[in-house]
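Asks: As input, take start-v8.txt (compact mmCIF, C-alpha atoms and all ligand atoms):
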# COMPACT_ATOMS: atom_id res chain seq x y z
CA MET A 29 165.12 65.56 83.60
CA SER A 30 163.71 62.94 85.96
CA THR A 31 162.26 64.03 89.30
CA PRO A 32 164.83 64.31 92.08
CA PRO A 33 164.80 61.51 94.68
CA ALA A 34 163.03 61.83 98.02
CA PRO A 35 165.05 61.93 101.26
CA THR A 36 163.85 58.43 102.15
CA GLN A 37 165.19 57.07 98.85
CA ILE A 38 168.53 58.79 99.37
CA ALA A 39 168.76 57.47 102.94
CA ALA A 40 168.01 53.93 101.76
CA ALA A 41 170.89 54.19 99.29
CA LEU A 42 173.29 55.64 101.87
CA GLU A 43 172.36 52.97 104.39
CA LYS A 44 173.87 50.35 102.10
CA ARG A 45 177.23 51.76 103.13
CA ILE A 46 176.68 53.39 106.48
CA ILE A 47 175.37 51.58 109.50
CA GLY A 48 173.64 53.46 112.32
CA GLN A 49 174.18 57.24 112.44
CA GLN A 50 170.54 57.75 111.65
CA GLU A 51 170.50 61.43 112.49
CA ALA A 52 173.46 62.21 110.26
CA VAL A 53 172.05 60.10 107.41
CA ARG A 54 168.68 61.84 107.66
CA GLU A 55 170.16 65.32 107.79
CA MET A 56 172.35 64.53 104.80
CA SER A 57 169.48 62.95 102.86
CA VAL A 58 167.19 65.95 103.31
CA ALA A 59 170.01 68.34 102.39
CA LEU A 60 170.83 66.33 99.29
CA ALA A 61 167.20 66.02 98.24
CA LYS A 62 166.83 69.80 98.44
CA LYS A 63 170.10 70.31 96.64
CA LEU A 64 169.13 67.98 93.81
CA ALA A 65 165.80 69.77 93.53
CA GLY A 66 167.74 73.00 92.95
CA LEU A 67 166.90 74.58 96.31
CA ASN A 68 169.26 76.37 98.63
CA VAL A 69 170.32 74.36 101.65
CA GLY A 70 171.90 75.32 104.97
CA ASN A 71 175.42 74.04 105.61
CA ILE A 72 176.05 71.08 107.87
CA LEU A 73 178.77 70.42 110.41
CA LEU A 74 179.30 66.77 111.37
CA ILE A 75 181.10 66.00 114.60
CA GLY A 76 181.91 62.43 115.50
CA SER A 77 184.75 60.53 117.05
CA SER A 78 187.34 58.79 114.92
CA GLY A 79 186.01 55.78 113.04
CA SER A 80 182.36 56.69 113.52
CA GLY A 81 181.65 56.96 109.80
CA LYS A 82 182.08 60.61 108.75
CA THR A 83 184.30 59.97 105.75
CA THR A 84 182.25 56.88 104.94
CA LEU A 85 179.11 59.02 104.79
CA MET A 86 180.74 61.53 102.46
CA GLY A 87 182.05 58.72 100.28
CA ALA A 88 178.57 57.17 100.18
CA VAL A 89 177.08 60.42 98.87
CA GLU A 90 179.79 60.70 96.22
CA GLU A 91 179.18 57.11 95.15
CA LEU A 92 175.45 57.66 95.02
CA LEU A 93 175.86 60.65 92.74
CA ALA A 94 178.52 58.99 90.63
CA ALA A 95 176.40 55.89 90.11
CA ASN A 96 173.54 57.91 88.70
CA PRO A 97 174.40 60.24 85.80
CA ALA A 98 171.04 62.00 86.03
CA LEU A 99 171.81 62.93 89.63
CA ALA A 100 175.46 63.71 88.97
CA SER A 101 174.53 66.28 86.35
CA ARG A 102 172.25 67.96 88.89
CA SER A 103 175.03 68.54 91.35
CA THR A 104 178.79 68.69 91.20
CA VAL A 105 180.46 67.33 94.27
CA ILE A 106 184.04 67.66 95.46
CA ARG A 107 185.75 66.55 98.63
CA VAL A 108 188.68 68.43 100.08
CA HIS A 109 190.84 67.80 103.08
CA ALA A 110 190.80 70.85 105.35
CA ASN A 111 194.59 70.64 105.71
CA VAL A 112 194.90 71.31 101.99
CA LEU A 113 192.76 74.42 102.40
CA GLY A 114 195.16 75.46 105.16
CA GLU A 115 198.17 75.01 102.90
CA GLU A 116 196.48 76.84 100.04
CA ALA A 117 195.45 79.59 102.42
CA GLU A 118 199.09 80.21 103.25
CA LEU A 119 199.84 80.61 99.55
CA GLY A 120 196.88 82.99 99.03
CA HIS A 121 193.49 82.72 97.25
CA PRO A 122 192.37 79.38 98.69
CA GLY A 123 188.72 80.19 97.92
CA GLU A 124 189.56 80.60 94.25
CA LYS A 125 191.32 77.24 94.24
CA LEU A 126 188.19 75.64 95.59
CA LEU A 127 186.03 77.26 92.92
CA MET A 128 188.54 76.13 90.32
CA ARG A 129 188.21 72.53 91.51
CA LEU A 130 184.45 72.76 91.23
CA LEU A 131 184.72 74.22 87.75
CA ASP A 132 187.10 71.46 86.64
CA ARG A 133 184.79 68.83 88.07
CA ALA A 134 181.76 70.40 86.36
CA ARG A 135 183.64 70.34 83.07
CA GLN A 136 184.43 66.65 83.52
CA GLN A 137 180.74 65.99 84.09
CA LEU A 138 179.18 68.19 81.45
CA GLY A 139 181.89 67.86 78.86
CA ALA A 140 184.28 70.38 77.34
CA ASP A 141 181.55 71.56 74.94
CA ALA A 142 179.43 73.06 77.71
CA SER A 143 179.46 76.85 77.77
CA VAL A 144 181.47 78.66 80.42
CA GLU A 145 178.21 80.13 81.79
CA ARG A 146 176.70 76.67 82.15
CA LEU A 147 179.83 75.32 83.82
CA LEU A 148 179.96 78.24 86.25
CA GLU A 149 176.29 77.78 87.05
CA GLN A 150 176.90 74.10 87.80
CA ALA A 151 180.10 74.72 89.77
CA THR A 152 178.62 77.44 91.96
CA HIS A 153 175.70 75.22 92.93
CA GLY A 154 177.87 72.28 93.89
CA LEU A 155 178.35 70.34 97.07
CA VAL A 156 181.62 70.75 98.90
CA PHE A 157 182.71 68.21 101.46
CA VAL A 158 185.42 69.48 103.77
CA ASP A 159 186.81 66.54 105.66
CA GLU A 160 188.92 66.81 108.83
CA VAL A 161 187.64 70.35 109.35
CA ASP A 162 188.94 70.22 112.92
CA LYS A 163 192.46 70.53 111.47
CA ILE A 164 191.79 74.18 110.64
CA ARG A 165 191.18 75.24 114.21
CA SER A 166 192.30 78.78 114.88
CA HIS A 167 194.59 77.85 117.75
CA VAL A 168 196.40 74.75 118.89
CA GLY A 169 197.77 74.39 122.38
CA GLY A 170 197.36 78.10 123.14
CA GLN A 171 199.22 79.16 119.98
CA PRO A 172 197.45 80.74 117.02
CA ASN A 173 197.27 78.41 114.02
CA ILE A 174 197.73 80.78 111.09
CA SER A 175 196.90 78.34 108.32
CA GLY A 176 193.76 77.32 110.20
CA ILE A 177 192.64 80.92 110.67
CA ARG A 178 193.22 81.67 106.98
CA ALA A 179 191.43 78.52 105.87
CA GLN A 180 188.37 79.38 107.96
CA GLU A 181 188.45 82.89 106.51
CA ALA A 182 188.73 81.46 103.02
CA LEU A 183 185.68 79.30 103.52
CA LEU A 184 183.87 82.33 104.93
CA THR A 185 184.53 84.25 101.73
CA LEU A 186 182.74 81.54 99.78
CA ILE A 187 179.85 80.72 102.07
CA GLU A 188 176.78 82.85 101.39
CA ASN A 189 178.75 85.27 99.23
CA GLU A 190 177.11 86.70 96.15
CA ALA A 191 180.19 88.30 94.64
CA VAL A 192 183.45 86.40 94.88
CA PRO A 193 186.21 87.66 92.58
CA PHE A 194 187.31 84.76 90.41
CA THR A 195 189.76 84.56 87.55
CA LEU A 196 188.69 82.04 84.96
CA PRO A 197 191.26 79.53 83.76
CA ASP A 198 192.81 80.01 80.32
CA TRP A 199 190.52 77.45 78.69
CA ALA A 200 187.58 79.58 79.80
CA GLY A 201 189.00 82.86 78.54
CA GLY A 202 191.00 84.00 81.57
CA ALA A 203 188.72 86.90 82.48
CA THR A 204 188.23 88.00 86.10
CA LEU A 205 184.64 88.25 87.20
CA ASN A 206 182.46 88.14 90.28
CA VAL A 207 180.71 84.85 90.85
CA ASP A 208 177.81 84.10 93.17
CA SER A 209 178.87 81.25 95.42
CA SER A 210 175.86 81.47 97.73
CA GLY A 211 174.36 78.36 96.10
CA LEU A 212 177.15 76.11 97.35
CA LEU A 213 176.39 73.55 100.03
CA PHE A 214 179.16 72.90 102.51
CA VAL A 215 179.24 69.77 104.59
CA CYS A 216 182.18 69.83 106.97
CA ALA A 217 183.20 66.95 109.19
CA GLY A 218 185.73 66.40 111.92
CA ALA A 219 186.53 64.24 114.92
CA PHE A 220 187.36 67.28 117.07
CA GLU A 221 189.66 65.24 119.20
CA GLY A 222 189.87 66.63 122.71
CA LEU A 223 186.45 68.28 122.49
CA TYR A 224 184.84 65.41 124.36
CA ASP A 225 187.33 65.71 127.22
CA ALA A 226 187.08 69.49 127.29
CA VAL A 227 183.30 69.45 127.61
CA TYR A 228 183.42 66.64 130.15
CA GLU A 229 185.87 68.65 132.19
CA ARG A 230 183.70 71.76 131.97
CA VAL A 231 180.63 70.01 133.36
CA THR A 232 182.38 67.95 136.03
CA TYR A 233 185.20 69.84 137.71
CA GLY A 234 185.66 72.84 135.40
CA LYS A 235 183.75 76.08 134.89
CA ASP A 236 180.34 74.43 135.26
CA GLN A 237 181.45 72.16 138.06
CA GLY A 238 178.78 69.77 139.25
CA ALA A 239 176.47 70.35 136.27
CA LEU A 240 176.73 66.66 135.40
CA LYS A 241 175.16 64.80 138.29
CA PRO A 242 176.23 61.28 139.18
CA VAL A 243 173.64 58.52 138.97
CA THR A 244 173.40 55.58 141.35
CA VAL A 245 174.04 52.23 139.72
CA VAL A 246 173.55 48.83 141.32
CA ASP A 247 176.05 46.23 140.09
CA GLU A 248 175.52 42.44 139.75
CA THR A 249 176.53 41.87 143.36
CA GLY A 250 173.80 44.22 144.55
CA ARG A 251 176.24 46.92 145.60
CA ALA A 252 175.34 50.49 144.74
CA HIS A 253 177.84 53.02 143.51
CA GLU A 254 177.76 56.36 141.74
CA GLU A 255 178.65 56.85 138.10
CA LEU A 256 178.83 59.81 135.75
CA HIS A 257 177.04 59.20 132.46
CA PHE A 258 178.33 61.72 129.99
CA VAL A 259 176.94 62.17 126.50
CA LEU A 260 178.55 64.96 124.51
CA ARG A 261 175.31 65.72 122.67
CA ASP A 262 173.60 66.68 125.95
CA TRP A 263 176.21 69.24 126.90
CA LEU A 264 177.92 70.62 123.81
CA LYS A 265 177.48 74.38 123.47
CA HIS A 266 178.64 76.77 120.78
CA GLU A 267 181.14 78.20 123.26
CA ASP A 268 182.87 74.81 123.45
CA LEU A 269 183.44 74.94 119.71
CA PHE A 270 184.66 78.55 119.89
CA GLU A 271 187.11 77.49 122.54
CA TYR A 272 188.20 74.58 120.38
CA GLY A 273 189.12 77.06 117.65
CA VAL A 274 186.07 77.33 115.43
CA SER A 275 185.49 81.04 114.94
CA PRO A 276 182.01 82.35 115.79
CA GLN A 277 181.59 83.71 112.25
CA PHE A 278 182.50 80.33 110.78
CA LEU A 279 180.23 78.39 113.12
CA SER A 280 177.32 80.74 112.44
CA ARG A 281 177.38 79.65 108.79
CA PHE A 282 176.19 76.17 109.73
CA ASP A 283 172.46 75.61 110.03
CA ALA A 284 172.89 72.18 111.56
CA VAL A 285 175.53 70.74 113.85
CA VAL A 286 175.08 66.98 113.90
CA LEU A 287 176.80 64.72 116.38
CA LEU A 288 177.47 61.19 115.27
CA GLU A 289 176.90 58.50 117.86
CA ALA A 290 179.48 56.22 119.39
CA LEU A 291 179.05 52.85 117.69
CA GLY A 292 177.84 50.11 120.04
CA GLU A 293 178.42 46.37 119.94
CA ASP A 294 175.40 45.63 117.75
CA GLN A 295 176.33 48.24 115.18
CA LEU A 296 179.94 47.09 115.16
CA LEU A 297 178.74 43.56 114.57
CA ARG A 298 176.74 44.73 111.58
CA ILE A 299 179.70 46.69 110.24
CA LEU A 300 181.86 43.59 110.56
CA ALA A 301 179.31 41.39 108.83
CA GLU A 302 177.83 43.75 106.25
CA GLY A 303 180.33 46.56 105.83
CA THR A 304 181.41 46.50 102.21
CA HIS A 305 184.75 48.08 103.10
CA SER A 306 185.28 46.16 106.31
CA GLY A 307 188.54 44.54 107.30
CA LEU A 308 186.84 41.17 107.15
CA ARG A 309 186.11 41.58 103.43
CA GLN A 310 189.74 42.45 102.82
CA SER A 311 190.95 39.43 104.77
CA GLN A 312 188.53 37.17 102.93
CA THR A 313 189.84 38.45 99.61
CA TYR A 314 193.39 37.79 100.72
CA PHE A 315 192.63 34.22 101.82
CA ALA A 316 190.55 33.58 98.73
CA SER A 317 193.59 34.41 96.60
CA PHE A 318 195.13 31.24 98.11
CA GLY A 319 191.96 29.24 97.48
CA VAL A 320 191.01 29.45 101.18
CA LYS A 321 187.52 30.37 102.33
CA LEU A 322 187.73 32.43 105.49
CA GLU A 323 184.63 32.12 107.65
CA VAL A 324 183.83 33.73 110.98
CA THR A 325 181.13 32.12 113.10
CA GLN A 326 178.30 34.26 114.47
CA GLU A 327 179.58 33.82 117.99
CA ALA A 328 183.13 34.72 117.03
CA ALA A 329 181.95 37.82 115.18
CA ARG A 330 180.01 38.95 118.24
CA ARG A 331 183.05 38.38 120.43
CA ILE A 332 185.16 40.51 118.06
CA ALA A 333 182.52 43.26 118.07
CA ARG A 334 182.32 43.19 121.86
CA GLU A 335 186.08 43.54 122.14
CA ALA A 336 186.05 46.41 119.63
CA ALA A 337 183.29 48.17 121.57
CA ARG A 338 185.70 48.35 124.52
CA GLN A 339 187.69 50.91 122.55
CA PRO A 340 185.04 53.53 121.71
CA ARG A 341 187.62 56.09 120.67
CA LEU A 342 188.65 53.98 117.70
CA GLY A 343 185.08 53.49 116.50
CA ALA A 344 184.80 50.89 113.76
CA ARG A 345 188.56 51.03 113.29
CA ALA A 346 188.79 48.93 116.47
CA LEU A 347 187.17 46.07 114.54
CA LYS A 348 190.07 46.02 112.11
CA GLU A 349 192.50 46.07 114.98
CA VAL A 350 190.88 43.12 116.81
CA LEU A 351 190.39 41.18 113.59
CA ARG A 352 194.02 41.70 112.68
CA ARG A 353 195.12 40.19 115.99
CA VAL A 354 193.02 37.11 115.28
CA VAL A 355 193.79 36.71 111.60
CA SER A 356 197.38 37.86 111.17
CA PRO A 357 198.98 34.66 112.59
CA LEU A 358 197.13 32.74 109.86
CA GLU A 359 198.16 34.93 106.97
CA TYR A 360 201.66 33.55 106.61
CA ASP A 361 200.51 30.16 105.39
CA PRO A 362 196.78 30.29 104.61
CA LYS A 363 196.63 26.81 103.06
CA ALA A 364 198.17 25.19 106.12
CA ALA A 365 195.67 26.98 108.37
CA ALA A 366 192.66 25.75 106.39
CA ASP A 367 190.97 22.36 106.69
CA SER A 368 191.02 19.73 103.93
CA ASN A 369 188.09 21.46 102.22
CA GLY A 370 189.99 24.70 102.06
CA VAL A 371 187.84 26.32 104.75
CA LEU A 372 189.36 28.34 107.55
CA ARG A 373 186.75 28.82 110.23
CA ILE A 374 187.32 31.38 112.96
CA ASP A 375 185.33 30.23 115.95
CA VAL A 376 184.83 31.95 119.27
CA GLU A 377 187.42 29.72 120.96
CA ARG A 378 190.11 30.98 118.61
CA VAL A 379 189.13 34.60 119.22
CA GLU A 380 189.01 34.06 122.96
CA LYS A 381 192.44 32.44 122.93
CA VAL A 382 194.01 35.36 121.10
CA LEU A 383 192.34 37.94 123.33
CA THR A 384 193.30 36.13 126.53
CA ARG A 385 196.86 35.69 125.33
CA ASP A 386 197.10 39.39 124.45
CA ARG A 387 195.70 40.36 127.80
CA LYS A 388 198.32 38.21 129.51
CA ASP A 389 201.07 39.65 127.31
CA GLY A 390 199.86 43.14 128.02
CA SER A 391 200.21 42.62 131.75
CA SER A 392 203.40 40.57 131.69
CA SER A 393 205.65 43.50 132.38
CA THR A 394 203.96 44.15 135.69
CA VAL A 395 201.91 41.33 137.19
CA ALA A 396 203.76 38.33 135.75
CA GLY A 397 207.07 39.91 136.66
CA TRP A 398 206.09 39.92 140.31
CA ASP A 399 204.59 36.44 140.10
CA GLN A 400 207.88 35.10 138.95
CA SER A 401 209.46 36.55 142.05
CA PHE A 402 212.34 38.33 140.41
CA PRO A 403 214.79 39.20 143.13
CA THR A 404 214.33 42.73 144.36
CA PRO A 405 217.44 44.74 143.52
CA SER A 406 219.35 45.29 146.73
CA ALA A 407 222.57 46.89 147.71
CA GLY A 408 225.48 44.91 146.46
CA SER A 409 223.58 42.87 143.84
N1 LIG B 501 178.73 53.93 110.65
C1 LIG B 501 179.50 53.14 109.90
N2 LIG B 501 178.97 52.29 109.01
C2 LIG B 501 179.75 51.48 108.26
N3 LIG B 501 181.09 51.46 108.31
C3 LIG B 501 181.68 52.28 109.19
C4 LIG B 501 180.93 53.18 110.01
N4 LIG B 501 181.78 53.87 110.77
C5 LIG B 501 183.00 53.47 110.42
N5 LIG B 501 182.96 52.50 109.49
C6 LIG B 501 184.11 51.79 108.91
O1 LIG B 501 185.24 52.14 109.69
C7 LIG B 501 186.29 52.69 108.92
C8 LIG B 501 186.58 54.11 109.36
O2 LIG B 501 185.45 54.92 109.15
P1 LIG B 501 185.52 56.42 108.64
O3 LIG B 501 186.73 56.61 107.79
O4 LIG B 501 184.23 56.79 108.06
O5 LIG B 501 185.74 57.17 110.03
P2 LIG B 501 185.77 58.72 110.33
O6 LIG B 501 184.57 59.03 111.16
O7 LIG B 501 185.95 59.50 109.08
O8 LIG B 501 187.05 58.81 111.29
P3 LIG B 501 188.25 59.90 111.35
O9 LIG B 501 187.75 61.02 112.19
O10 LIG B 501 189.34 59.16 112.04
O11 LIG B 501 188.57 60.31 109.96
C9 LIG B 501 185.85 52.59 107.49
O12 LIG B 501 186.58 51.54 106.93
C10 LIG B 501 184.38 52.24 107.50
O13 LIG B 501 184.15 51.19 106.62
MG MG B 502 187.50 60.56 108.31
Would you encode the structure as structure tokens?
Ligand SMILES: Nc1ncnc2c1ncn2[C@@H]1O[C@H](COP(=O)(O)OP(=O)(O)OP(=O)(O)O)[C@@H](O)[C@H]1O
Ligand SMILES: [Mg+2]
Replies:
Amino acid sequence: MSTPPAPTQIAAALEKRIIGQQEAVREMSVALAKKLAGLNVGNILLIGSSGSGKTTLMGAVEELLAANPALASRSTVIRVHANVLGEEAELGHPGEKLLMRLLDRARQQLGADASVERLLEQATHGLVFVDEVDKIRSHVGGQPNISGIRAQEALLTLIENEAVPFTLPDWAGGATLNVDSSGLLFVCAGAFEGLYDAVYERVTYGKDQGALKPVTVVDETGRAHEELHFVLRDWLKHEDLFEYGVSPQFLSRFDAVVLLEALGEDQLLRILAEGTHSGLRQSQTYFASFGVKLEVTQEAARRIAREAARQPRLGARALKEVLRRVVSPLEYDPKAAADSNGVLRIDVERVEKVLTRDRKDGSSSTVAGWDQSFPTPSAGS
């Protein structure tokens, strides 16, 4: 078997799909390098707001392994949605279901001729991505979330456990045996919506009131004012996650908790321009199917990225949203929108026009209404 890749090589491959998020990419690359070298690796919890690239990162690892049979046969990878674990937990034996998925996947990779021992060996040393792990919080809005509690428990029975009872499927003989699942690597990811606000509240006017100190900022006019600069990474404590509904036992099974960064304008610009799965690529494909070449000028792309950066909670998804506003009026009749050479160029003026119009529309119910001096309702009217 060829030598396993170095973390730097893995990171270089992942960075073809994921922009920024250096810490998460590095952590993942080291974990994967160790995994592919047959070593045990501590589990990883990824926390990052919506659209910051968590699912993209998992997908990039899957693609990397799938594209290289020598790597794929070193490690079996599956991705599950935490909600599914919750549902399975309510029906009983969710851990077994997960092992079964790994075994099935290992069989696909190694072929039906591989011995059951070999398949079990492969399956129990696999990589398990649990996406949307925040959906299995133990309580929601003060109420216990039974499926979440059970799903966390189910994962606990698999993590670091050397004897998990497991009934083999019929094709493997159907016997019940104890399997060692301590070689599994779990990478769990979630947006943990509300966590940001909860921690912000704690350090401003909550339990740790005043912990976050305001800084003095001088604006363009020379006036000074105070601002609070809050970065979740600086303040997040284990207790915040317990309060969110991650049980202490569950959290203690993660060696690394990695926070993804909020994507800034420059990174959004790169995602727009280079992102292989970006909304721009999809639009270009659509227009190309009518023989129209959709182009976005540098300046226009930057304007779109800047607008998207105004909505940090949507992450890179905001790009799609802004792009849609610009492009959707042109989709009805692409040929008519293009010039005589079949090129449809989106320049910054077009973007600006759409954004200004939307801003006006957005405010029409209040400001414009008053400007137009609608008569104030009065008695008798
Ligand atoms: N860091 C990134 N690099 C490249 N593309 C990104 C990045 N972050 C997000 N995207 C793009 O934005 C879209 C949404 O990203 P993704 O699905 O990874 O978000 P997520 O963090 O899993 O969000 P959620 O918590 O809502 O599931 C994808 O289409 C992806 O192409
Ligand atoms: Mg996701």
Asks: May I ask you to write as a compact mmCIF listing (two decimals) with C-alpha atoms, in the frame of the given file all residues lying at most 9 Å from ligand LIG 501 (chain B), with only C-alpha atoms and all ligand atoms counted?
Replies:
# COMPACT_ATOMS: atom_id res chain seq x y z
CA GLU A 43 172.36 52.97 104.39
CA LYS A 44 173.87 50.35 102.10
CA ARG A 45 177.23 51.76 103.13
CA ILE A 46 176.68 53.39 106.48
CA ILE A 47 175.37 51.58 109.50
CA GLY A 48 173.64 53.46 112.32
CA GLN A 49 174.18 57.24 112.44
CA ILE A 75 181.10 66.00 114.60
CA GLY A 76 181.91 62.43 115.50
CA SER A 77 184.75 60.53 117.05
CA SER A 78 187.34 58.79 114.92
CA GLY A 79 186.01 55.78 113.04
CA SER A 80 182.36 56.69 113.52
CA GLY A 81 181.65 56.96 109.80
CA LYS A 82 182.08 60.61 108.75
CA THR A 83 184.30 59.97 105.75
CA THR A 84 182.25 56.88 104.94
CA LEU A 85 179.11 59.02 104.79
CA MET A 86 180.74 61.53 102.46
CA GLY A 87 182.05 58.72 100.28
CA ASP A 159 186.81 66.54 105.66
CA GLU A 160 188.92 66.81 108.83
CA ALA A 217 183.20 66.95 109.19
CA GLY A 218 185.73 66.40 111.92
CA ALA A 219 186.53 64.24 114.92
CA PHE A 220 187.36 67.28 117.07
CA GLU A 221 189.66 65.24 119.20
CA LEU A 288 177.47 61.19 115.27
CA GLU A 289 176.90 58.50 117.86
CA LEU A 291 179.05 52.85 117.69
CA GLN A 295 176.33 48.24 115.18
CA LEU A 296 179.94 47.09 115.16
CA ARG A 298 176.74 44.73 111.58
CA ILE A 299 179.70 46.69 110.24
CA LEU A 300 181.86 43.59 110.56
CA GLU A 302 177.83 43.75 106.25
CA GLY A 303 180.33 46.56 105.83
CA THR A 304 181.41 46.50 102.21
CA HIS A 305 184.75 48.08 103.10
CA SER A 306 185.28 46.16 106.31
CA GLY A 307 188.54 44.54 107.30
CA LEU A 342 188.65 53.98 117.70
CA GLY A 343 185.08 53.49 116.50
CA ALA A 344 184.80 50.89 113.76
CA ARG A 345 188.56 51.03 113.29
CA ALA A 346 188.79 48.93 116.47
CA LEU A 347 187.17 46.07 114.54
CA LYS A 348 190.07 46.02 112.11
Asks: Atom CA of Arg334 of chain A and atom CA of Val350 of chain A, how far apart in Å?
Replies: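 For atom CA of Val350 of chain A relative to atom CA of Arg334 of chain A, the distance reads 9.9 Å.
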Asks: Tell me, as a ChimeraX atom specification, which residues lie within 12 Å of Thr232 of chain A, counting all atoms listed in the file; anything in the same chain fewer than 3 positions away does not count.
Replies: /A:225-229,235-242,255-258,263
Asks: Return the single residue from A:Thr195, A:Ala200, A:Lys62, A:Cys216 that is closest to Ala140 of chain A, with distances computed using all atoms listed in the file.
Replies: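 Answer, going by the shortest atom-to-atom distance: A:Ala200.
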Asks: Kindly extract all protein, DNA and RNA residues lying within 12 Å of the coordinates (171.1, 66.4, 104.2) given in the file, considering all atoms listed in the file, and supply them as number ranges by chain.
Replies: A: 34-36, 38-39, 42, 50-64, 68-74, 85-86, 89, 155, 213-216, 283-286
Asks: Could you state the separation of atom CA of Glu377 of chain A and atom CA of Arg341 of chain A in Å, given to one decimal place?
Replies: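 So the answer is 26.4 Å.
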Asks: In terms of the shortest atom-to-atom distance over all atoms listed in the file, which of A:Gln136, A:Gly169, A:Val382, A:Ile187 is closest to Arg352 of chain A?
Replies: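 Comparing A:Gln136, A:Gly169, A:Val382, A:Ile187 against Arg352 of chain A, the winner is A:Val382.
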Asks: Go through A:Val274, A:Ala40, A:Val168, A:Val158 one by one, measure the shortest atom-to-atom distance of each to ligand MG 502 (chain B) using all atoms listed in the file, and give the residue with the smallest value.
Replies: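 Among A:Val274, A:Ala40, A:Val168, A:Val158, it is A:Val158 that comes nearest to ligand MG 502 (chain B).
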